$ cat final-v4.txt   # compact mmCIF, N, CA and C atoms and all ligand atoms
# COMPACT_ATOMS: atom_id res chain seq x y z
N MET B 149 -9.78 -23.37 1.55
CA MET B 149 -10.58 -23.07 0.35
C MET B 149 -9.88 -21.99 -0.49
N VAL B 150 -9.46 -22.34 -1.70
CA VAL B 150 -8.79 -21.35 -2.55
C VAL B 150 -9.83 -20.39 -3.13
N GLU B 151 -9.57 -19.10 -2.99
CA GLU B 151 -10.47 -18.06 -3.49
C GLU B 151 -9.68 -17.06 -4.33
N GLN B 152 -10.42 -16.30 -5.13
CA GLN B 152 -9.83 -15.16 -5.84
C GLN B 152 -10.43 -13.87 -5.30
N SER B 153 -9.61 -12.82 -5.22
CA SER B 153 -10.07 -11.49 -4.82
C SER B 153 -9.67 -10.49 -5.89
N LEU B 154 -10.58 -9.54 -6.16
CA LEU B 154 -10.26 -8.44 -7.06
C LEU B 154 -9.76 -7.29 -6.19
N VAL B 155 -8.52 -6.92 -6.45
CA VAL B 155 -7.85 -5.88 -5.67
C VAL B 155 -7.37 -4.81 -6.64
N PHE B 156 -7.47 -3.52 -6.25
CA PHE B 156 -6.73 -2.52 -7.03
C PHE B 156 -6.13 -1.46 -6.14
N ILE B 157 -4.93 -1.03 -6.55
CA ILE B 157 -4.31 0.14 -5.92
C ILE B 157 -4.98 1.36 -6.56
N LYS B 158 -5.54 2.23 -5.72
CA LYS B 158 -6.27 3.40 -6.20
C LYS B 158 -5.27 4.46 -6.71
N PRO B 159 -5.78 5.48 -7.41
CA PRO B 159 -4.85 6.47 -8.00
C PRO B 159 -3.93 7.15 -6.98
N ASP B 160 -4.35 7.28 -5.72
CA ASP B 160 -3.45 7.89 -4.73
C ASP B 160 -2.23 7.02 -4.50
N GLY B 161 -2.43 5.72 -4.44
CA GLY B 161 -1.31 4.80 -4.22
C GLY B 161 -0.35 4.78 -5.40
N VAL B 162 -0.91 4.83 -6.62
CA VAL B 162 -0.05 4.85 -7.82
C VAL B 162 0.73 6.16 -7.85
N ARG B 163 0.04 7.30 -7.61
CA ARG B 163 0.72 8.61 -7.63
C ARG B 163 1.81 8.70 -6.58
N ARG B 164 1.60 8.06 -5.44
CA ARG B 164 2.58 8.13 -4.35
C ARG B 164 3.67 7.07 -4.47
N ASN B 165 3.71 6.38 -5.60
CA ASN B 165 4.77 5.39 -5.87
C ASN B 165 4.77 4.26 -4.85
N LEU B 166 3.56 3.79 -4.51
CA LEU B 166 3.41 2.72 -3.52
C LEU B 166 3.12 1.36 -4.16
N ILE B 167 3.27 1.26 -5.49
CA ILE B 167 2.97 -0.02 -6.15
C ILE B 167 3.84 -1.14 -5.58
N ALA B 168 5.13 -0.94 -5.54
CA ALA B 168 6.02 -2.02 -5.09
C ALA B 168 5.75 -2.37 -3.63
N GLU B 169 5.50 -1.33 -2.82
CA GLU B 169 5.20 -1.54 -1.39
C GLU B 169 3.98 -2.45 -1.22
N VAL B 170 2.92 -2.15 -1.96
CA VAL B 170 1.67 -2.90 -1.78
C VAL B 170 1.76 -4.27 -2.46
N VAL B 171 2.24 -4.30 -3.69
CA VAL B 171 2.35 -5.58 -4.40
C VAL B 171 3.29 -6.51 -3.63
N GLY B 172 4.36 -5.96 -3.08
CA GLY B 172 5.32 -6.77 -2.34
C GLY B 172 4.70 -7.46 -1.14
N ARG B 173 3.76 -6.78 -0.48
CA ARG B 173 3.10 -7.41 0.67
C ARG B 173 2.32 -8.64 0.23
N PHE B 174 1.63 -8.55 -0.92
CA PHE B 174 0.85 -9.70 -1.39
C PHE B 174 1.78 -10.82 -1.88
N GLU B 175 2.88 -10.45 -2.51
CA GLU B 175 3.84 -11.48 -2.93
C GLU B 175 4.42 -12.21 -1.72
N ARG B 176 4.83 -11.45 -0.72
CA ARG B 176 5.48 -12.07 0.43
C ARG B 176 4.50 -12.90 1.25
N ARG B 177 3.21 -12.50 1.24
CA ARG B 177 2.21 -13.28 1.97
C ARG B 177 1.98 -14.63 1.31
N GLY B 178 2.24 -14.70 0.00
CA GLY B 178 2.13 -15.99 -0.69
C GLY B 178 1.03 -16.09 -1.73
N PHE B 179 0.36 -14.98 -2.04
CA PHE B 179 -0.71 -15.04 -3.04
C PHE B 179 -0.15 -15.22 -4.44
N GLY B 180 -0.96 -15.88 -5.28
CA GLY B 180 -0.65 -15.97 -6.70
C GLY B 180 -1.28 -14.79 -7.44
N PHE B 181 -0.58 -14.29 -8.44
CA PHE B 181 -1.09 -13.18 -9.26
C PHE B 181 -1.66 -13.75 -10.55
N LYS B 182 -3.01 -13.71 -10.66
CA LYS B 182 -3.66 -14.20 -11.88
C LYS B 182 -3.78 -13.09 -12.92
N LYS B 183 -3.84 -11.85 -12.45
CA LYS B 183 -3.88 -10.66 -13.32
C LYS B 183 -3.12 -9.54 -12.63
N LEU B 184 -2.49 -8.68 -13.43
CA LEU B 184 -1.79 -7.50 -12.92
C LEU B 184 -1.76 -6.50 -14.06
N GLU B 185 -2.52 -5.41 -13.92
CA GLU B 185 -2.72 -4.53 -15.08
C GLU B 185 -2.89 -3.08 -14.63
N LEU B 186 -2.05 -2.21 -15.17
CA LEU B 186 -2.13 -0.78 -14.87
C LEU B 186 -2.94 -0.09 -15.95
N ARG B 187 -4.07 0.50 -15.56
CA ARG B 187 -4.83 1.27 -16.55
C ARG B 187 -5.81 2.20 -15.86
N THR B 188 -6.26 3.21 -16.62
CA THR B 188 -7.30 4.11 -16.13
C THR B 188 -8.65 3.48 -16.41
N LEU B 189 -9.50 3.43 -15.40
CA LEU B 189 -10.82 2.82 -15.55
C LEU B 189 -11.75 3.74 -16.33
N SER B 190 -12.80 3.16 -16.93
CA SER B 190 -13.82 3.96 -17.61
C SER B 190 -14.89 4.36 -16.60
N PRO B 191 -15.61 5.46 -16.86
CA PRO B 191 -16.72 5.84 -15.97
C PRO B 191 -17.73 4.71 -15.79
N ASN B 192 -18.05 3.98 -16.82
CA ASN B 192 -19.02 2.88 -16.68
C ASN B 192 -18.50 1.78 -15.77
N GLU B 193 -17.20 1.46 -15.89
CA GLU B 193 -16.62 0.45 -15.00
C GLU B 193 -16.70 0.89 -13.54
N VAL B 194 -16.44 2.18 -13.30
CA VAL B 194 -16.45 2.68 -11.92
C VAL B 194 -17.86 2.66 -11.36
N ASP B 195 -18.84 3.09 -12.14
CA ASP B 195 -20.23 3.09 -11.66
C ASP B 195 -20.70 1.66 -11.38
N ALA B 196 -20.32 0.73 -12.23
CA ALA B 196 -20.73 -0.67 -12.00
C ALA B 196 -20.02 -1.24 -10.76
N HIS B 197 -18.73 -0.92 -10.64
CA HIS B 197 -17.97 -1.45 -9.51
C HIS B 197 -18.54 -0.97 -8.18
N TYR B 198 -18.88 0.33 -8.12
CA TYR B 198 -19.37 0.93 -6.87
C TYR B 198 -20.89 1.08 -6.88
N GLN B 199 -21.59 0.14 -7.50
CA GLN B 199 -23.05 0.28 -7.66
C GLN B 199 -23.75 0.48 -6.32
N GLU B 200 -23.24 -0.14 -5.23
CA GLU B 200 -23.91 0.01 -3.94
C GLU B 200 -23.77 1.43 -3.38
N HIS B 201 -22.81 2.21 -3.90
CA HIS B 201 -22.56 3.56 -3.37
C HIS B 201 -23.09 4.67 -4.28
N VAL B 202 -23.49 4.33 -5.51
CA VAL B 202 -24.02 5.36 -6.42
C VAL B 202 -25.22 6.03 -5.74
N GLY B 203 -25.22 7.37 -5.71
CA GLY B 203 -26.32 8.09 -5.07
C GLY B 203 -26.00 8.55 -3.65
N LYS B 204 -24.95 8.00 -3.04
CA LYS B 204 -24.57 8.48 -1.70
C LYS B 204 -23.87 9.84 -1.82
N ASP B 205 -23.85 10.58 -0.69
CA ASP B 205 -23.29 11.94 -0.76
C ASP B 205 -21.82 11.94 -1.18
N PHE B 206 -21.07 10.92 -0.79
CA PHE B 206 -19.64 10.94 -1.12
C PHE B 206 -19.36 10.39 -2.51
N TYR B 207 -20.39 9.87 -3.19
CA TYR B 207 -20.09 9.17 -4.45
C TYR B 207 -19.48 10.06 -5.53
N PRO B 208 -19.96 11.29 -5.77
CA PRO B 208 -19.32 12.10 -6.82
C PRO B 208 -17.82 12.30 -6.60
N ARG B 209 -17.43 12.52 -5.36
CA ARG B 209 -15.99 12.70 -5.08
C ARG B 209 -15.24 11.39 -5.25
N LEU B 210 -15.85 10.30 -4.81
CA LEU B 210 -15.22 8.98 -4.98
C LEU B 210 -15.00 8.69 -6.47
N ARG B 211 -16.04 8.95 -7.26
CA ARG B 211 -15.98 8.68 -8.70
C ARG B 211 -14.86 9.51 -9.36
N ASP B 212 -14.81 10.81 -9.05
CA ASP B 212 -13.76 11.67 -9.63
C ASP B 212 -12.37 11.18 -9.21
N PHE B 213 -12.26 10.79 -7.96
CA PHE B 213 -10.97 10.31 -7.45
C PHE B 213 -10.52 9.03 -8.17
N ILE B 214 -11.42 8.07 -8.29
CA ILE B 214 -11.04 6.79 -8.91
C ILE B 214 -10.70 6.99 -10.40
N LEU B 215 -11.35 8.01 -11.03
CA LEU B 215 -11.08 8.28 -12.44
C LEU B 215 -9.88 9.21 -12.65
N SER B 216 -9.24 9.66 -11.57
CA SER B 216 -8.22 10.72 -11.67
C SER B 216 -6.86 10.23 -12.16
N GLY B 217 -6.71 8.95 -12.37
CA GLY B 217 -5.44 8.42 -12.86
C GLY B 217 -5.49 6.92 -12.91
N PRO B 218 -4.42 6.29 -13.36
CA PRO B 218 -4.43 4.84 -13.47
C PRO B 218 -4.52 4.14 -12.11
N VAL B 219 -5.11 2.96 -12.14
CA VAL B 219 -5.14 2.07 -10.98
C VAL B 219 -4.36 0.81 -11.37
N LEU B 220 -3.87 0.08 -10.36
CA LEU B 220 -3.22 -1.20 -10.63
C LEU B 220 -4.19 -2.31 -10.24
N LEU B 221 -4.80 -2.91 -11.27
CA LEU B 221 -5.76 -4.00 -11.05
C LEU B 221 -5.03 -5.31 -10.82
N MET B 222 -5.54 -6.09 -9.86
CA MET B 222 -4.98 -7.41 -9.59
C MET B 222 -6.11 -8.41 -9.38
N VAL B 223 -5.91 -9.63 -9.83
CA VAL B 223 -6.70 -10.76 -9.35
C VAL B 223 -5.73 -11.64 -8.59
N LEU B 224 -5.94 -11.74 -7.28
CA LEU B 224 -5.06 -12.51 -6.40
C LEU B 224 -5.75 -13.80 -5.99
N GLU B 225 -4.97 -14.85 -5.89
CA GLU B 225 -5.53 -16.16 -5.57
C GLU B 225 -4.75 -16.79 -4.41
N GLY B 226 -5.53 -17.39 -3.49
CA GLY B 226 -4.89 -18.10 -2.39
C GLY B 226 -5.93 -18.59 -1.41
N ASP B 227 -5.49 -19.31 -0.40
CA ASP B 227 -6.39 -19.83 0.61
C ASP B 227 -7.10 -18.67 1.34
N ARG B 228 -8.43 -18.74 1.38
CA ARG B 228 -9.25 -17.74 2.07
C ARG B 228 -8.84 -16.31 1.70
N ALA B 229 -8.55 -16.12 0.42
CA ALA B 229 -8.01 -14.84 -0.06
C ALA B 229 -8.89 -13.65 0.32
N ILE B 230 -10.19 -13.79 0.25
CA ILE B 230 -11.08 -12.64 0.49
C ILE B 230 -10.82 -12.08 1.90
N ASP B 231 -10.96 -12.90 2.92
CA ASP B 231 -10.83 -12.41 4.29
C ASP B 231 -9.39 -12.06 4.65
N VAL B 232 -8.44 -12.87 4.18
CA VAL B 232 -7.04 -12.58 4.50
C VAL B 232 -6.64 -11.22 3.94
N ILE B 233 -7.06 -10.93 2.72
CA ILE B 233 -6.68 -9.65 2.10
C ILE B 233 -7.41 -8.49 2.77
N ARG B 234 -8.69 -8.66 3.11
CA ARG B 234 -9.40 -7.58 3.82
C ARG B 234 -8.71 -7.27 5.16
N THR B 235 -8.20 -8.32 5.83
CA THR B 235 -7.47 -8.08 7.08
C THR B 235 -6.17 -7.33 6.82
N MET B 236 -5.47 -7.69 5.75
CA MET B 236 -4.24 -6.98 5.40
C MET B 236 -4.52 -5.52 5.05
N VAL B 237 -5.68 -5.24 4.45
CA VAL B 237 -6.03 -3.89 4.01
C VAL B 237 -6.41 -3.00 5.19
N GLY B 238 -7.22 -3.52 6.13
CA GLY B 238 -7.69 -2.70 7.26
C GLY B 238 -9.02 -2.02 6.94
N PRO B 239 -9.62 -1.37 7.95
CA PRO B 239 -10.94 -0.77 7.77
C PRO B 239 -10.92 0.43 6.82
N THR B 240 -12.13 0.79 6.34
CA THR B 240 -12.26 1.82 5.30
C THR B 240 -11.60 3.13 5.70
N ASP B 241 -11.89 3.60 6.92
CA ASP B 241 -11.29 4.86 7.37
C ASP B 241 -9.88 4.58 7.87
N ALA B 242 -8.90 5.08 7.15
CA ALA B 242 -7.50 4.78 7.49
C ALA B 242 -7.15 5.24 8.90
N LEU B 243 -7.91 6.21 9.44
CA LEU B 243 -7.63 6.66 10.81
C LEU B 243 -7.98 5.59 11.83
N ASP B 244 -8.83 4.64 11.46
CA ASP B 244 -9.19 3.52 12.34
C ASP B 244 -8.31 2.29 12.10
N ALA B 245 -7.46 2.33 11.09
CA ALA B 245 -6.70 1.14 10.68
C ALA B 245 -5.44 0.98 11.53
N LEU B 246 -5.20 -0.23 11.98
CA LEU B 246 -4.05 -0.50 12.84
C LEU B 246 -2.75 -0.49 12.03
N PRO B 247 -1.65 -0.08 12.68
CA PRO B 247 -0.33 -0.27 12.06
C PRO B 247 -0.16 -1.74 11.68
N GLY B 248 0.51 -1.97 10.58
CA GLY B 248 0.65 -3.34 10.08
C GLY B 248 -0.30 -3.62 8.94
N THR B 249 -1.41 -2.87 8.89
CA THR B 249 -2.31 -2.98 7.73
C THR B 249 -1.87 -1.98 6.66
N ILE B 250 -2.32 -2.24 5.43
CA ILE B 250 -1.92 -1.36 4.32
C ILE B 250 -2.44 0.06 4.58
N ARG B 251 -3.73 0.17 4.93
CA ARG B 251 -4.26 1.52 5.19
C ARG B 251 -3.65 2.12 6.45
N GLY B 252 -3.42 1.31 7.46
CA GLY B 252 -2.87 1.80 8.72
C GLY B 252 -1.42 2.23 8.62
N ASP B 253 -0.72 1.71 7.63
CA ASP B 253 0.69 2.10 7.44
C ASP B 253 0.84 3.21 6.41
N LEU B 254 -0.12 3.34 5.47
CA LEU B 254 0.14 4.16 4.29
C LEU B 254 -0.87 5.26 4.03
N ALA B 255 -1.97 5.36 4.81
CA ALA B 255 -3.01 6.34 4.49
C ALA B 255 -3.50 7.07 5.74
N LEU B 256 -4.13 8.22 5.50
CA LEU B 256 -4.66 9.05 6.59
C LEU B 256 -6.04 9.59 6.24
N SER B 257 -6.79 8.87 5.42
CA SER B 257 -8.04 9.40 4.90
C SER B 257 -9.06 8.28 4.75
N LYS B 258 -10.35 8.65 4.83
CA LYS B 258 -11.40 7.66 4.58
C LYS B 258 -11.67 7.51 3.08
N GLY B 259 -11.48 8.60 2.32
CA GLY B 259 -11.74 8.54 0.88
C GLY B 259 -10.53 8.04 0.12
N GLU B 260 -9.38 8.70 0.33
CA GLU B 260 -8.15 8.32 -0.37
C GLU B 260 -7.40 7.33 0.51
N ASN B 261 -7.77 6.07 0.35
CA ASN B 261 -7.30 5.03 1.27
C ASN B 261 -6.56 3.90 0.55
N ILE B 262 -5.90 4.24 -0.57
CA ILE B 262 -4.87 3.42 -1.21
C ILE B 262 -5.36 2.23 -2.01
N ILE B 263 -6.37 1.52 -1.50
CA ILE B 263 -6.59 0.18 -2.06
C ILE B 263 -8.06 -0.23 -1.96
N HIS B 264 -8.49 -1.01 -2.93
CA HIS B 264 -9.78 -1.72 -2.87
C HIS B 264 -9.52 -3.21 -2.81
N ALA B 265 -10.36 -3.93 -2.05
CA ALA B 265 -10.32 -5.39 -2.06
C ALA B 265 -11.74 -5.93 -1.90
N SER B 266 -12.07 -6.97 -2.64
CA SER B 266 -13.41 -7.57 -2.61
C SER B 266 -13.79 -7.98 -1.19
N ASP B 267 -15.10 -7.84 -0.89
CA ASP B 267 -15.57 -8.17 0.48
C ASP B 267 -16.27 -9.52 0.58
N SER B 268 -16.46 -10.23 -0.53
CA SER B 268 -17.09 -11.56 -0.50
C SER B 268 -16.77 -12.27 -1.80
N VAL B 269 -16.99 -13.58 -1.82
CA VAL B 269 -16.76 -14.34 -3.05
C VAL B 269 -17.69 -13.83 -4.16
N ALA B 270 -18.94 -13.53 -3.80
CA ALA B 270 -19.88 -13.04 -4.82
C ALA B 270 -19.43 -11.69 -5.37
N SER B 271 -18.97 -10.79 -4.48
CA SER B 271 -18.46 -9.49 -4.96
C SER B 271 -17.24 -9.69 -5.85
N ALA B 272 -16.35 -10.58 -5.47
CA ALA B 272 -15.13 -10.81 -6.26
C ALA B 272 -15.51 -11.26 -7.67
N GLU B 273 -16.45 -12.17 -7.78
CA GLU B 273 -16.85 -12.66 -9.11
C GLU B 273 -17.44 -11.52 -9.94
N ARG B 274 -18.31 -10.74 -9.31
CA ARG B 274 -18.92 -9.61 -10.03
C ARG B 274 -17.86 -8.60 -10.46
N GLU B 275 -16.92 -8.31 -9.58
CA GLU B 275 -15.89 -7.31 -9.86
C GLU B 275 -14.91 -7.80 -10.93
N ILE B 276 -14.53 -9.07 -10.87
CA ILE B 276 -13.62 -9.62 -11.88
C ILE B 276 -14.29 -9.58 -13.25
N GLU B 277 -15.56 -9.95 -13.31
CA GLU B 277 -16.27 -9.91 -14.60
C GLU B 277 -16.40 -8.47 -15.11
N ASN B 278 -16.61 -7.53 -14.19
CA ASN B 278 -16.74 -6.12 -14.60
C ASN B 278 -15.45 -5.62 -15.24
N PHE B 279 -14.31 -5.94 -14.66
CA PHE B 279 -13.04 -5.38 -15.16
C PHE B 279 -12.39 -6.24 -16.25
N PHE B 280 -12.63 -7.52 -16.24
CA PHE B 280 -11.92 -8.39 -17.19
C PHE B 280 -12.86 -9.10 -18.16
N GLY B 281 -14.16 -8.87 -18.05
CA GLY B 281 -15.11 -9.41 -19.03
C GLY B 281 -15.52 -10.85 -18.79
N ALA B 282 -14.80 -11.53 -17.92
CA ALA B 282 -15.11 -12.93 -17.63
C ALA B 282 -14.37 -13.32 -16.36
N LEU B 283 -14.76 -14.42 -15.77
CA LEU B 283 -14.00 -14.95 -14.64
C LEU B 283 -12.63 -15.40 -15.12
N VAL B 284 -11.68 -15.42 -14.21
CA VAL B 284 -10.29 -15.77 -14.55
C VAL B 284 -10.05 -17.22 -14.11
N ALA B 285 -9.49 -18.02 -15.01
CA ALA B 285 -9.28 -19.44 -14.70
C ALA B 285 -8.23 -19.60 -13.60
P1 LIG S 301 -14.15 -0.48 1.52
O1 LIG S 301 -13.28 0.07 0.41
O2 LIG S 301 -13.38 -0.57 2.82
O3 LIG S 301 -14.84 -1.76 1.15
P2 LIG S 301 -16.73 0.86 1.20
O4 LIG S 301 -17.65 1.19 2.33
O5 LIG S 301 -17.13 -0.25 0.29
O6 LIG S 301 -15.27 0.61 1.81
O7 LIG S 301 -16.55 2.20 0.37
C1 LIG S 301 -15.89 2.16 -0.87
C2 LIG S 301 -14.93 3.34 -0.95
O8 LIG S 301 -15.68 4.56 -0.95
C3 LIG S 301 -13.98 3.48 0.24
O9 LIG S 301 -12.85 2.65 0.14
C4 LIG S 301 -13.64 4.94 0.19
O10 LIG S 301 -12.67 5.20 -0.82
C5 LIG S 301 -14.97 5.55 -0.24
N1 LIG S 301 -15.79 5.94 0.92
C6 LIG S 301 -16.60 5.15 1.67
N2 LIG S 301 -17.21 5.81 2.66
C7 LIG S 301 -16.79 7.10 2.52
C8 LIG S 301 -17.07 8.30 3.26
O11 LIG S 301 -17.84 8.32 4.23
N3 LIG S 301 -16.43 9.43 2.83
C9 LIG S 301 -15.59 9.45 1.76
N4 LIG S 301 -15.31 8.33 1.04
C10 LIG S 301 -15.89 7.18 1.42
MG MG S 302 -16.39 -2.12 -0.18

$ encode --input "final-v4.txt" --output "structure tokens"
Amino acid sequence: MVEQSLVFIKPDGVRRNLIAEVVGRFERRGFGFKKLELRTLSPNEVDAHYQEHVGKDFYPRLRDFILSGPVLLMVLEGDRAIDVIRTMVGPTDALDALPGTIRGDLALSKGENIIHASDSVASAEREIENFFGALVA
């Protein structure tokens, strides 16, 4: 089943010059790039994207972090993209992430953990519409 996932490299990954490292993993795995865009998100985009976390104790820090610099937005397409990419990314807390995963190889933090990836087809559709205004063909 071909799916699309909304993925972005967070500002820590961009600042640490990890764009090629992360993008290269998705290229080599075989995903198609439907979108690839470097830009700083707006506060409204961030609040909509993280709507399930607004109001949690860590949200103000998360919001400031995501707004602290440009992110590299991607829409990736491929077979079972949602689950395959979540497996490549690893668990939220990078200290729990196995070597071989993006977080397990590149991060040491639960907050600054390099990358976002959609967790379901419904989330991917909502996230793609939030950042790009419409679904991507
Ligand atoms: P996910 O990115 O693995 O899907 P979520 O639980 O959806 O993880 O949380 C979204 C983002 O919020 C995380 O990637 C991380 O940057 C941040 N975050 C989540 N939980 C915590 C926490 O307990 N402390 C600090 N930051 C957190
Ligand atoms: Mg999540």

$ residues_near_point --input "final-v4.txt" --point "(-6.8, -6.4, -11.4)" --cutoff "8 Å" --atoms "only N, CA and C atoms" --output "PDB file with N, CA and C atoms, in the frame of the given file"
ATOM      1  N   SER B 153      -9.610 -12.820  -5.220  1.00  0.00           N
ATOM      2  CA  SER B 153     -10.070 -11.490  -4.820  1.00  0.00           C
ATOM      3  C   SER B 153      -9.670 -10.490  -5.890  1.00  0.00           C
ATOM      4  N   LEU B 154     -10.580  -9.540  -6.160  1.00  0.00           N
ATOM      5  CA  LEU B 154     -10.260  -8.440  -7.060  1.00  0.00           C
ATOM      6  C   LEU B 154      -9.760  -7.290  -6.190  1.00  0.00           C
ATOM      7  N   VAL B 155      -8.520  -6.920  -6.450  1.00  0.00           N
ATOM      8  CA  VAL B 155      -7.850  -5.880  -5.670  1.00  0.00           C
ATOM      9  C   VAL B 155      -7.370  -4.810  -6.640  1.00  0.00           C
ATOM     10  N   PHE B 156      -7.470  -3.520  -6.250  1.00  0.00           N
ATOM     11  CA  PHE B 156      -6.730  -2.520  -7.030  1.00  0.00           C
ATOM     12  C   PHE B 156      -6.130  -1.460  -6.140  1.00  0.00           C
ATOM     13  N   ILE B 157      -4.930  -1.030  -6.550  1.00  0.00           N
ATOM     14  CA  ILE B 157      -4.310   0.140  -5.920  1.00  0.00           C
ATOM     15  C   ILE B 157      -4.980   1.360  -6.560  1.00  0.00           C
ATOM     16  N   LYS B 182      -3.010 -13.710 -10.660  1.00  0.00           N
ATOM     17  CA  LYS B 182      -3.660 -14.200 -11.880  1.00  0.00           C
ATOM     18  C   LYS B 182      -3.780 -13.090 -12.920  1.00  0.00           C
ATOM     19  N   LYS B 183      -3.840 -11.850 -12.450  1.00  0.00           N
ATOM     20  CA  LYS B 183      -3.880 -10.660 -13.320  1.00  0.00           C
ATOM     21  C   LYS B 183      -3.120  -9.540 -12.630  1.00  0.00           C
ATOM     22  N   LEU B 184      -2.490  -8.680 -13.430  1.00  0.00           N
ATOM     23  CA  LEU B 184      -1.790  -7.500 -12.920  1.00  0.00           C
ATOM     24  C   LEU B 184      -1.760  -6.500 -14.060  1.00  0.00           C
ATOM     25  N   GLU B 185      -2.520  -5.410 -13.920  1.00  0.00           N
ATOM     26  CA  GLU B 185      -2.720  -4.530 -15.080  1.00  0.00           C
ATOM     27  C   GLU B 185      -2.890  -3.080 -14.630  1.00  0.00           C
ATOM     28  N   LEU B 186      -2.050  -2.210 -15.170  1.00  0.00           N
ATOM     29  CA  LEU B 186      -2.130  -0.780 -14.870  1.00  0.00           C
ATOM     30  C   LEU B 186      -2.940  -0.090 -15.950  1.00  0.00           C
ATOM     31  N   VAL B 219      -5.110   2.960 -12.140  1.00  0.00           N
ATOM     32  CA  VAL B 219      -5.140   2.070 -10.980  1.00  0.00           C
ATOM     33  C   VAL B 219      -4.360   0.810 -11.370  1.00  0.00           C
ATOM     34  N   LEU B 220      -3.870   0.080 -10.360  1.00  0.00           N
ATOM     35  CA  LEU B 220      -3.220  -1.200 -10.630  1.00  0.00           C
ATOM     36  C   LEU B 220      -4.190  -2.310 -10.240  1.00  0.00           C
ATOM     37  N   LEU B 221      -4.800  -2.910 -11.270  1.00  0.00           N
ATOM     38  CA  LEU B 221      -5.760  -4.000 -11.050  1.00  0.00           C
ATOM     39  C   LEU B 221      -5.030  -5.310 -10.820  1.00  0.00           C
ATOM     40  N   MET B 222      -5.540  -6.090  -9.860  1.00  0.00           N
ATOM     41  CA  MET B 222      -4.980  -7.410  -9.590  1.00  0.00           C
ATOM     42  C   MET B 222      -6.110  -8.410  -9.380  1.00  0.00           C
ATOM     43  N   VAL B 223      -5.910  -9.630  -9.830  1.00  0.00           N
ATOM     44  CA  VAL B 223      -6.700 -10.760  -9.350  1.00  0.00           C
ATOM     45  C   VAL B 223      -5.730 -11.640  -8.590  1.00  0.00           C
ATOM     46  N   LEU B 224      -5.940 -11.740  -7.280  1.00  0.00           N
ATOM     47  CA  LEU B 224      -5.060 -12.510  -6.400  1.00  0.00           C
ATOM     48  C   LEU B 224      -5.750 -13.800  -5.990  1.00  0.00           C
ATOM     49  N   ILE B 276     -14.530  -9.070 -10.870  1.00  0.00           N
ATOM     50  CA  ILE B 276     -13.620  -9.620 -11.880  1.00  0.00           C
ATOM     51  C   ILE B 276     -14.290  -9.580 -13.250  1.00  0.00           C
ATOM     52  N   PHE B 279     -14.310  -5.940 -14.660  1.00  0.00           N
ATOM     53  CA  PHE B 279     -13.040  -5.380 -15.160  1.00  0.00           C
ATOM     54  C   PHE B 279     -12.390  -6.240 -16.250  1.00  0.00           C
ATOM     55  N   PHE B 280     -12.630  -7.520 -16.240  1.00  0.00           N
ATOM     56  CA  PHE B 280     -11.920  -8.390 -17.190  1.00  0.00           C
ATOM     57  C   PHE B 280     -12.860  -9.100 -18.160  1.00  0.00           C
TER      58      PHE B 280
END

$ residues_near_ligand --input "final-v4.txt" --ligand "ligand LIG 301 (chain S)" --cutoff "5 Å" --atoms "only N, CA and C atoms and all ligand atoms" --output "list of chain:residue names"
B:Pro239, B:Thr240, B:Lys258, B:Gly259, B:Glu260

$ residues_near_ligand --input "final-v4.txt" --ligand "ligand MG 302 (chain S)" --cutoff "9 Å" --atoms "only C-alpha atoms and all ligand atoms" --output "PyMOL selection string"
chain B and resi 198+200-201+240+264-267

$ write_last_selection --input "final-v4.txt" --atoms "N, CA and C atoms" --output "compact mmCIF listing (two decimals), keeping the file's coordinate frame"
# COMPACT_ATOMS: atom_id res chain seq x y z
N TYR B 198 -18.88 0.33 -8.12
CA TYR B 198 -19.37 0.93 -6.87
C TYR B 198 -20.89 1.08 -6.88
N GLU B 200 -23.24 -0.14 -5.23
CA GLU B 200 -23.91 0.01 -3.94
C GLU B 200 -23.77 1.43 -3.38
N HIS B 201 -22.81 2.21 -3.90
CA HIS B 201 -22.56 3.56 -3.37
C HIS B 201 -23.09 4.67 -4.28
N THR B 240 -12.13 0.79 6.34
CA THR B 240 -12.26 1.82 5.30
C THR B 240 -11.60 3.13 5.70
N HIS B 264 -8.49 -1.01 -2.93
CA HIS B 264 -9.78 -1.72 -2.87
C HIS B 264 -9.52 -3.21 -2.81
N ALA B 265 -10.36 -3.93 -2.05
CA ALA B 265 -10.32 -5.39 -2.06
C ALA B 265 -11.74 -5.93 -1.90
N SER B 266 -12.07 -6.97 -2.64
CA SER B 266 -13.41 -7.57 -2.61
C SER B 266 -13.79 -7.98 -1.19
N ASP B 267 -15.10 -7.84 -0.89
CA ASP B 267 -15.57 -8.17 0.48
C ASP B 267 -16.27 -9.52 0.58

$ atom_distance --input "final-v4.txt" --atom1 "atom C of B:Asn278" --atom2 "atom CA of B:Arg177"
25.8 Å

$ select_by_dssp --input "final-v4.txt" --residues "chain B" --states "helix (DSSP H, G or I)" --output "MDAnalysis selection string"
chainID B and resid 159:163 167:177 191:197 207:214 229:237 242:244 250:254 269:280

$ atom_distance --input "final-v4.txt" --atom1 "atom C of B:Ile214" --atom2 "atom C of B:Glu193"
9.1 Å

$ select_by_dssp --input "final-v4.txt" --residues "stretch 203-253 of chain B" --states "strand (DSSP E or B)" --output "PyMOL selection string"
chain B and resi 219-227+247+249

$ atom_distance --input "final-v4.txt" --atom1 "atom CA of B:Ala229" --atom2 "atom N of B:Phe206"
28.9 Å

$ residues_around --input "final-v4.txt" --residues "B:Gly248" --least-positions-apart "6" --cutoff "8 Å" --atoms "all atoms listed in the file" --output "list in words"
Thr235, Met236, Val237, Gly238 and Leu254 of chain B

$ closest_residue --input "final-v4.txt" --among "B:Ala196, B:Leu256, B:Asp160, B:Leu166" --to "B:Arg274" --atoms "only N, CA and C atoms"
B:Ala196

$ residues_around --input "final-v4.txt" --residues "B:Pro159" --least-positions-apart "4" --cutoff "5 Å" --atoms "only N, CA and C atoms" --output "compact mmCIF listing (two decimals) with N, CA and C atoms, keeping the file's coordinate frame"
# COMPACT_ATOMS: atom_id res chain seq x y z
N ARG B 163 0.04 7.30 -7.61
CA ARG B 163 0.72 8.61 -7.63
C ARG B 163 1.81 8.70 -6.58
N GLY B 217 -6.71 8.95 -12.37
CA GLY B 217 -5.44 8.42 -12.86
C GLY B 217 -5.49 6.92 -12.91
N PRO B 218 -4.42 6.29 -13.36
CA PRO B 218 -4.43 4.84 -13.47
C PRO B 218 -4.52 4.14 -12.11
N VAL B 219 -5.11 2.96 -12.14
CA VAL B 219 -5.14 2.07 -10.98
C VAL B 219 -4.36 0.81 -11.37
